[in-house]
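Presented below is the structure to which this report refers.
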Amino acid sequence: MSIIERAAELLRSGPQGQQSRPATSEKGETRRQGLIERASADLAQVAYLPTDGEPPPNPEKAHAPERSFSRAARQFAVDRSRMRALGLITPDGERTPLAESFRRIKRQILANVAKPKPGAPPANLVLVTSALAGEGKTFCAINLAISMALERDRTVLLVDADVARPSVPRALGLHAEGGLMEVLLDRHVDFGDLLWKTDIGGLTVLPAGTAHQHATELLASDAMRGLLRDMAERYHDRIVVFDSPPLLAASEAGALASQVGQIVVVVEAGKTSETSLKHALGRIDTSRVTGLLLNKVEATPLEYSYETYG
């Protein structure tokens with residue numbers, strides 16, 4: 001069975017446009033969970049699909065000048081009340097099905113970081129995306145970043161790379177000017193000036209910055225490749241999570257996906273069509289896809305599965 005067929009079966013296994021959770025047997029729930037887990041596990045074994053991003057850099061081309069990382073990040077307290085209102089994981093919250101689900105998801109990502117693929121982009125660069133807007137990618141990116149930042153021996157940099165529709169700072173209650181775009185536009189900008197250290201474990205945030213008409217070209221530039229290299233290599237314990245634009249809505253997603261080691265694709269139950277998912281997967285190298293997250297599926301409080309998000 002091909003990756004596309006597995007993805008289609010995953011979609012058909014979830015509720016399609018139902019307003020309330022249908023009555024299902026325990027056996028049915030187990031089968032649906034198995035479909036999602038098999039789709040996630042088998043993605044790394046499929047053949048390469050051409051990406052829609054920019055071509056890889058010429059190895060003979062000189063690297064962009066090194067960037068300054070001299071200053072420490074500013075600090076801010078995350079708005080816990082806002083996080084709870086949005087349904088996000090809170091570090092001081094109760095043990096919930098949502099939190100348990102992301103604990104399991106991050107284990108595979110961390111395992112891949114520990115055993116990177118030879119010749120592949122750094123596995124500690126993790127892209128969270130979706131086929132279309134509104135499927136819950138930002139929700140999943142923030143929760144995944146928070147869950148990993150609570151690890152004892154990990155730090156996490158959460159990058160809002162959805163330049164056209166940045167949502168990460170607003171969700172966390174951060175009011176910031178400047179971010180990723182400013183770093184790429186001016187190599188003299190001090191990277192540390194644009195980082196925000198949160199009061200959640202080892203979590204730091206890099207906002208998207210000012211929208212730019214040439215965002216795709218900037219994300220595929222030598223400056224971005226140099227920045228990604230610094231992000232991946234400067235701190236041995238760091239995981240970088242990117243909240244990316246949707247694959248079918250903006251070309252920036254393809255440019256980013258071609259430069260990261262792991263990709264997580266969010267799929268909304270009852271909304272994402274098989275056609276959209278096929279087209280989205282056709283724009284990235286699926287050997288880098290760590291898993292598909294089936295989002296917004298109703299579940300009882302004790303059902304821990306990839307389907308309990310949102």
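Residues in the structure tokens are numbered from 1 in each chain, the chains being A, B, ... in the order shown, and ligands are numbered from 1 in the order shown.
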
Checklist entry - How would you write, as number ranges by chain, the set of residues in region 101-252 of chain A that DSSP gives as strand (DSSP E or B)? => result A: 125-130, 155-160, 196-198, 203-206, 238-243

Please, could you write that set of residues out with C-alpha atoms as a tab-separated table (two decimals), in the first residue's frame?
```tsv
chain	number	residue	atom	x	y	z
A	125	LEU	CA	14.79	20.79	12.90
A	126	VAL	CA	11.09	19.85	13.04
A	127	LEU	CA	8.44	21.36	10.75
A	128	VAL	CA	4.74	21.26	11.67
A	129	THR	CA	2.44	21.94	8.73
A	130	SER	CA	-0.89	20.98	7.15
A	155	THR	CA	15.62	23.12	25.20
A	156	VAL	CA	13.18	24.13	22.47
A	157	LEU	CA	13.11	27.04	20.07
A	158	LEU	CA	9.60	27.58	18.68
A	159	VAL	CA	9.78	29.53	15.42
A	160	ASP	CA	6.69	31.19	13.97
A	196	TRP	CA	11.90	35.57	23.83
A	197	LYS	CA	12.65	33.17	26.68
A	198	THR	CA	9.46	31.94	28.31
A	203	LEU	CA	11.00	27.07	25.75
A	204	THR	CA	12.14	30.09	23.71
A	205	VAL	CA	10.10	31.78	20.96
A	206	LEU	CA	11.18	33.47	17.73
A	238	ARG	CA	18.11	22.11	21.28
A	239	ILE	CA	15.05	21.09	19.25
A	240	VAL	CA	13.73	23.69	16.80
A	241	VAL	CA	9.99	23.50	16.01
A	242	PHE	CA	8.68	25.53	13.06
A	243	ASP	CA	5.02	26.50	12.73
```

Item to check | All helix (DSSP H, G or I) positions in region 97-242 of chain A, as an MDAnalysis selection string | outcome: chainID A and resid 97:114 137:149 168:172 180:185 191:194 215:219 222:233

Next on the checklist: Between A:His236, A:Met181, A:Thr216, A:Met231, which residue has the minimum interatomic distance to Ala114 (chain A), considering only C-alpha atoms?
Outcome noted: A:His236

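You will find CA of Leu144 (chain A) at 12.8 Å from CA of Gly202 (chain A).
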
Checklist entry - Of the candidates A:His175, A:Arg165, A:Arg234, A:Arg107, which shows the shortest atom-to-atom distance to Glu151 (chain A), using only C-alpha atoms? => result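 Checking each of A:His175, A:Arg165, A:Arg234, A:Arg107 against Glu151 (chain A), counting only C-alpha atoms, the winner is A:Arg107.
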
Checklist entry - Interatomic distance between CA of Leu195 (chain A) and CA of Asp162 (chain A)? => result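 Rounded to one decimal, the two atoms are 16.4 Å apart.
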
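The gap separating CA of Arg229 (chain A) from CA of Ile263 (chain A) is 17.1 Å, in Å to one decimal.
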
Checklist entry - If you count only C-alpha atoms, which residues fall within 9 Å of Ala99 (chain A), apart from same-chain ones fewer than 6 positions away, as a ChimeraX atom specification? => result /A:88-90,143,147

Checklist entry - If you count only C-alpha atoms, which residues fall within 8 Å of Ala249 (chain A), apart from same-chain ones fewer than 4 positions away, as a PyMOL selection string? => result chain A and resi 131-133+245

Next on the checklist: Using only C-alpha atoms, can you tell me which of A:Glu252, A:Glu100, A:Glu274, A:Asp92 comes closest to Ala161 (chain A)?
Outcome noted: A:Glu252

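You can rank A:Gln259, A:Asn295, A:Asn112, A:Ser167 by their closest distance to Lys271 (chain A) using only C-alpha atoms, and at the top of that list sits A:Asn295.
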
Checklist entry - Between A:Val289, A:Val266, A:Ala250, A:Ala73, which one has atoms that come closest to Gly134 (chain A), using only C-alpha atoms? => result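 Ranked by minimum distance to Gly134 (chain A), first place goes to A:Val266.
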